[in-house]
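K.L.:
Below are the structure tokens for one structure; questions will follow.
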Amino acid sequence: MNDRVYKLTTMVAERISALQSDGYLLVVKYVHSRGGFWKLRHRTNRNLITLNASFEHDSMTQTSNGRVVYSGPIQP
């Protein structure tokens with residue numbers, strides 16, 4: 001893992017941590033050298049959030065209950 005991928009992975013991890021602080025539980029985590037996928041479900045209201053990240057393009061997409069709520073550069 002090079003420095004750029006490590007930095008991007010850390011930024012996604014910060015976002016995941018913030019969601020977990022808001023009551024989301026990590027259901028699926030899949031990370032490889034070119035990107036990753038995370039699925040989280042809220043423990044009480046059952047909302048579903050997914051994150052798709054591309055480390056090659058420095059971009060990510062976040063959906064909430066199937067609707068895209070963010071698509072752009074990877075941000076914490």
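FYI, nothing fancy with the structure tokens labels: chains A, B, ... in order, residues from 1 per chain, ligands from 1 as they appear.
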Near A:Ala13, within 8 Å and counting only C-alpha atoms, which residues show up once chain neighbours fewer than 4 positions away are dropped, as a list in words?
P.N.:
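My list of contacting residues is Thr9, Ser17 and Pro76 of chain A.
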K.L.:
Skip A:Leu51 itself and residues of its chain fewer than 2 positions away, then list as a ChimeraX atom specification all residues within 9 Å of it, counting only C-alpha atoms.
P.N.:
/A:12,16,36-40,49,53,60-63
K.L.:
If we count only C-alpha atoms, what is near stretch 4-8 of chain A at a cut-off of 9 Å, once residues fewer than 2 positions away on the same chain are taken out, given as a PyMOL selection string?
P.N.:
chain A and resi 1-2+10-13+33-35+53+55-56+58+74-76
K.L.:
Next, write the just-selected residues to a file, as a compact mmCIF listing (two decimals), in the first residue's frame, keeping N, CA and C atoms as the atom set.
P.N.:
```
# COMPACT_ATOMS: atom_id res chain seq x y z
N MET A 1 0.85 -1.18 0.00
CA MET A 1 0.00 0.00 0.00
C MET A 1 0.89 1.24 0.00
N ASN A 2 0.67 2.12 -0.95
CA ASN A 2 1.48 3.33 -1.00
C ASN A 2 0.87 4.42 -0.11
N THR A 10 -7.50 6.04 5.24
CA THR A 10 -7.66 6.69 6.53
C THR A 10 -8.82 7.67 6.51
N MET A 11 -8.97 8.40 5.42
CA MET A 11 -10.07 9.35 5.30
C MET A 11 -11.43 8.64 5.31
N VAL A 12 -11.52 7.52 4.61
CA VAL A 12 -12.76 6.74 4.61
C VAL A 12 -13.01 6.19 6.02
N ALA A 13 -11.96 5.73 6.68
CA ALA A 13 -12.10 5.19 8.03
C ALA A 13 -12.64 6.26 8.99
N SER A 33 -6.75 -3.08 -3.15
CA SER A 33 -5.77 -2.06 -3.52
C SER A 33 -6.35 -0.93 -4.38
N ARG A 34 -7.46 -1.19 -5.07
CA ARG A 34 -8.03 -0.17 -5.96
C ARG A 34 -9.25 0.53 -5.40
N GLY A 35 -9.79 0.07 -4.27
CA GLY A 35 -10.97 0.71 -3.72
C GLY A 35 -11.56 -0.08 -2.58
N ALA A 53 -15.69 3.39 -2.70
CA ALA A 53 -14.54 4.27 -2.90
C ALA A 53 -13.64 3.71 -3.99
N PHE A 55 -9.85 4.24 -5.11
CA PHE A 55 -8.58 4.87 -4.77
C PHE A 55 -7.84 5.31 -6.04
N GLU A 56 -8.13 4.67 -7.17
CA GLU A 56 -7.50 5.06 -8.43
C GLU A 56 -7.95 6.43 -8.88
N ASP A 58 -9.59 8.64 -6.72
CA ASP A 58 -9.76 9.50 -5.53
C ASP A 58 -11.21 9.96 -5.39
N ILE A 74 -12.88 11.82 -2.20
CA ILE A 74 -12.90 11.17 -0.90
C ILE A 74 -12.65 12.23 0.17
N GLN A 75 -13.56 12.29 1.14
CA GLN A 75 -13.48 13.25 2.24
C GLN A 75 -13.78 12.52 3.53
N PRO A 76 -13.17 12.94 4.64
CA PRO A 76 -13.49 12.31 5.93
C PRO A 76 -14.90 12.63 6.38
```
K.L.:
May I ask for the distance between atom CA of A:Asp22 and atom CA of A:His42, given in Å to one decimal place?
P.N.:
8.2 Å
K.L.:
I want to know what sits within 6 Å of A:Leu48, based on only C-alpha atoms, with residues of the same chain fewer than 6 positions away left out; could you give that as a VMD selection string?
P.N.:
chain A and resid 40 to 41 64 to 65
K.L.:
Could those selected residues go to a file with N, CA and C atoms, as a PDB file, in the first residue's frame?
P.N.:
```
ATOM      1  N   LEU A  40     -23.350  -0.027   6.132  1.00  0.00           N
ATOM      2  CA  LEU A  40     -23.670   0.194   7.539  1.00  0.00           C
ATOM      3  C   LEU A  40     -25.185   0.296   7.710  1.00  0.00           C
ATOM      4  N   ARG A  41     -25.693  -0.222   8.834  1.00  0.00           N
ATOM      5  CA  ARG A  41     -27.117  -0.140   9.136  1.00  0.00           C
ATOM      6  C   ARG A  41     -27.289   0.514  10.506  1.00  0.00           C
ATOM      7  N   SER A  64     -27.750   6.589   0.868  1.00  0.00           N
ATOM      8  CA  SER A  64     -28.550   6.400   2.077  1.00  0.00           C
ATOM      9  C   SER A  64     -29.904   5.857   1.630  1.00  0.00           C
ATOM     10  N   ASN A  65     -30.198   4.636   2.044  1.00  0.00           N
ATOM     11  CA  ASN A  65     -31.437   3.960   1.638  1.00  0.00           C
ATOM     12  C   ASN A  65     -31.607   3.955   0.120  1.00  0.00           C
TER      13      ASN A  65
END
```
K.L.:
How would you write, as a ChimeraX atom specification, the set of residues in chain A that DSSP gives as alpha helix (DSSP H)?
P.N.:
/A:3-21
K.L.:
Save out the residues we just selected, all heavy atoms, as a compact mmCIF listing (two decimals), in the first residue's frame.
P.N.:
```txt
# COMPACT_ATOMS: atom_id res chain seq x y z
N ASP A 3 1.58 5.52 0.01
CA ASP A 3 1.15 6.60 0.91
C ASP A 3 -0.20 7.20 0.52
O ASP A 3 -1.02 7.51 1.38
CB ASP A 3 2.20 7.71 0.96
CG ASP A 3 3.46 7.28 1.68
OD1 ASP A 3 3.40 6.30 2.45
OD2 ASP A 3 4.51 7.92 1.47
N ARG A 4 -0.45 7.35 -0.78
CA ARG A 4 -1.70 7.95 -1.25
C ARG A 4 -2.89 7.05 -0.89
O ARG A 4 -3.89 7.53 -0.36
CB ARG A 4 -1.65 8.17 -2.76
CG ARG A 4 -2.87 8.90 -3.32
CD ARG A 4 -2.78 9.08 -4.81
NE ARG A 4 -2.75 7.83 -5.53
CZ ARG A 4 -3.85 7.09 -5.78
NH1 ARG A 4 -5.02 7.48 -5.37
NH2 ARG A 4 -3.74 5.96 -6.45
N VAL A 5 -2.76 5.76 -1.14
CA VAL A 5 -3.84 4.82 -0.81
C VAL A 5 -4.05 4.77 0.70
O VAL A 5 -5.19 4.73 1.18
CB VAL A 5 -3.56 3.42 -1.40
CG1 VAL A 5 -4.57 2.40 -0.89
CG2 VAL A 5 -3.56 3.47 -2.92
N TYR A 6 -2.97 4.80 1.46
CA TYR A 6 -3.08 4.80 2.92
C TYR A 6 -3.84 6.04 3.40
O TYR A 6 -4.72 5.95 4.26
CB TYR A 6 -1.69 4.75 3.56
CG TYR A 6 -1.74 4.81 5.06
CD1 TYR A 6 -2.09 3.69 5.80
CD2 TYR A 6 -1.47 5.99 5.73
CE1 TYR A 6 -2.17 3.75 7.19
CE2 TYR A 6 -1.53 6.06 7.11
CZ TYR A 6 -1.88 4.94 7.83
OH TYR A 6 -1.96 5.00 9.20
N LYS A 7 -3.53 7.20 2.83
CA LYS A 7 -4.21 8.44 3.21
C LYS A 7 -5.70 8.37 2.88
O LYS A 7 -6.54 8.75 3.70
CB LYS A 7 -3.56 9.63 2.50
CG LYS A 7 -4.21 10.95 2.81
CD LYS A 7 -3.56 12.08 2.04
CE LYS A 7 -4.33 13.37 2.26
NZ LYS A 7 -3.88 14.44 1.40
N LEU A 8 -6.02 7.87 1.69
CA LEU A 8 -7.43 7.77 1.29
C LEU A 8 -8.18 6.77 2.16
O LEU A 8 -9.32 7.03 2.57
CB LEU A 8 -7.52 7.38 -0.19
CG LEU A 8 -6.97 8.41 -1.17
CD1 LEU A 8 -6.95 7.84 -2.58
CD2 LEU A 8 -7.77 9.70 -1.12
N THR A 9 -7.54 5.66 2.49
CA THR A 9 -8.16 4.66 3.37
C THR A 9 -8.42 5.25 4.75
O THR A 9 -9.47 5.02 5.35
CB THR A 9 -7.26 3.42 3.48
OG1 THR A 9 -7.00 2.91 2.18
CG2 THR A 9 -7.91 2.34 4.32
N THR A 10 -7.50 6.04 5.24
CA THR A 10 -7.66 6.69 6.53
C THR A 10 -8.82 7.67 6.51
O THR A 10 -9.59 7.76 7.46
CB THR A 10 -6.36 7.40 6.94
OG1 THR A 10 -5.30 6.44 6.97
CG2 THR A 10 -6.48 8.07 8.29
N MET A 11 -8.97 8.40 5.42
CA MET A 11 -10.07 9.35 5.30
C MET A 11 -11.43 8.64 5.31
O MET A 11 -12.37 9.09 5.96
CB MET A 11 -9.90 10.20 4.05
CG MET A 11 -8.73 11.16 4.15
SD MET A 11 -8.29 11.98 2.62
CE MET A 11 -9.72 12.93 2.27
N VAL A 12 -11.52 7.52 4.61
CA VAL A 12 -12.76 6.74 4.61
C VAL A 12 -13.01 6.19 6.02
O VAL A 12 -14.15 6.21 6.51
CB VAL A 12 -12.72 5.62 3.56
CG1 VAL A 12 -13.92 4.70 3.71
CG2 VAL A 12 -12.66 6.18 2.16
N ALA A 13 -11.96 5.73 6.68
CA ALA A 13 -12.10 5.19 8.03
C ALA A 13 -12.64 6.26 8.99
O ALA A 13 -13.43 5.94 9.89
CB ALA A 13 -10.76 4.65 8.52
N GLU A 14 -12.24 7.49 8.81
CA GLU A 14 -12.75 8.58 9.65
C GLU A 14 -14.25 8.76 9.43
O GLU A 14 -15.01 8.99 10.38
CB GLU A 14 -12.01 9.88 9.34
CG GLU A 14 -10.58 9.90 9.83
CD GLU A 14 -9.83 11.16 9.41
OE1 GLU A 14 -10.48 12.15 9.02
OE2 GLU A 14 -8.59 11.14 9.46
N ARG A 15 -14.68 8.67 8.17
CA ARG A 15 -16.12 8.80 7.88
C ARG A 15 -16.89 7.64 8.49
O ARG A 15 -17.95 7.83 9.08
CB ARG A 15 -16.35 8.86 6.37
CG ARG A 15 -17.82 9.06 6.02
CD ARG A 15 -18.02 9.26 4.55
NE ARG A 15 -17.64 10.60 4.17
CZ ARG A 15 -18.37 11.39 3.40
NH1 ARG A 15 -19.52 10.97 2.93
NH2 ARG A 15 -17.96 12.59 3.09
N ILE A 16 -16.36 6.42 8.37
CA ILE A 16 -17.01 5.24 8.95
C ILE A 16 -17.11 5.41 10.46
O ILE A 16 -18.16 5.13 11.07
CB ILE A 16 -16.22 3.95 8.61
CG1 ILE A 16 -16.16 3.72 7.10
CG2 ILE A 16 -16.80 2.74 9.33
CD1 ILE A 16 -17.45 3.40 6.43
N SER A 17 -16.06 5.87 11.09
CA SER A 17 -16.05 6.08 12.53
C SER A 17 -17.11 7.09 12.95
O SER A 17 -17.80 6.91 13.96
CB SER A 17 -14.66 6.54 12.98
OG SER A 17 -14.64 6.79 14.36
N ALA A 18 -17.26 8.16 12.18
CA ALA A 18 -18.27 9.18 12.49
C ALA A 18 -19.68 8.58 12.38
O ALA A 18 -20.55 8.86 13.21
CB ALA A 18 -18.13 10.37 11.55
N LEU A 19 -19.90 7.75 11.36
CA LEU A 19 -21.20 7.11 11.21
C LEU A 19 -21.47 6.15 12.36
O LEU A 19 -22.60 6.07 12.87
CB LEU A 19 -21.29 6.38 9.87
CG LEU A 19 -21.36 7.28 8.63
CD1 LEU A 19 -21.13 6.48 7.36
CD2 LEU A 19 -22.69 8.01 8.58
N GLN A 20 -20.45 5.43 12.80
CA GLN A 20 -20.62 4.52 13.93
C GLN A 20 -20.94 5.30 15.20
O GLN A 20 -21.74 4.84 16.02
CB GLN A 20 -19.37 3.66 14.11
CG GLN A 20 -19.22 2.62 13.02
CD GLN A 20 -17.93 1.83 13.11
OE1 GLN A 20 -16.88 2.39 13.40
NE2 GLN A 20 -18.03 0.54 12.85
N SER A 21 -20.38 6.47 15.35
CA SER A 21 -20.69 7.32 16.50
C SER A 21 -22.15 7.79 16.47
O SER A 21 -22.73 8.07 17.52
CB SER A 21 -19.78 8.55 16.53
OG SER A 21 -18.45 8.16 16.74
```
K.L.:
Using only C-alpha atoms, which of A:Gly66, A:Lys29, A:Ser59, A:Tyr24 sits nearest A:Arg43?
P.N.:
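Selected residue with least distance to A:Arg43: A:Tyr24.
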K.L.:
Could you find all residues in chain A that DSSP calls strand (DSSP E) from the backbone, and write them as a PyMOL selection string?
P.N.:
chain A and resi 24-32+35-42+48-54+59-64+67-73
K.L.:
Would you work out the distance separating atom CA of A:Gly23 from atom CA of A:Thr44, expressed in Å to one decimal?
P.N.:
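Interatomic distance here is 7.8 Å.
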K.L.:
Enter the distance from atom CA of A:Leu26 to atom CA of A:His57, in Å, rounded to one decimal.
P.N.:
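A separation of 24.3 Å between them.
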K.L.:
When you count only C-alpha atoms, which of these residues is closest to A:Val28: A:Asn52, A:Asn45, A:Arg67, A:Gly72?
P.N.:
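Of A:Asn52, A:Asn45, A:Arg67, A:Gly72, the one nearest A:Val28 is A:Asn52, counting only C-alpha atoms.
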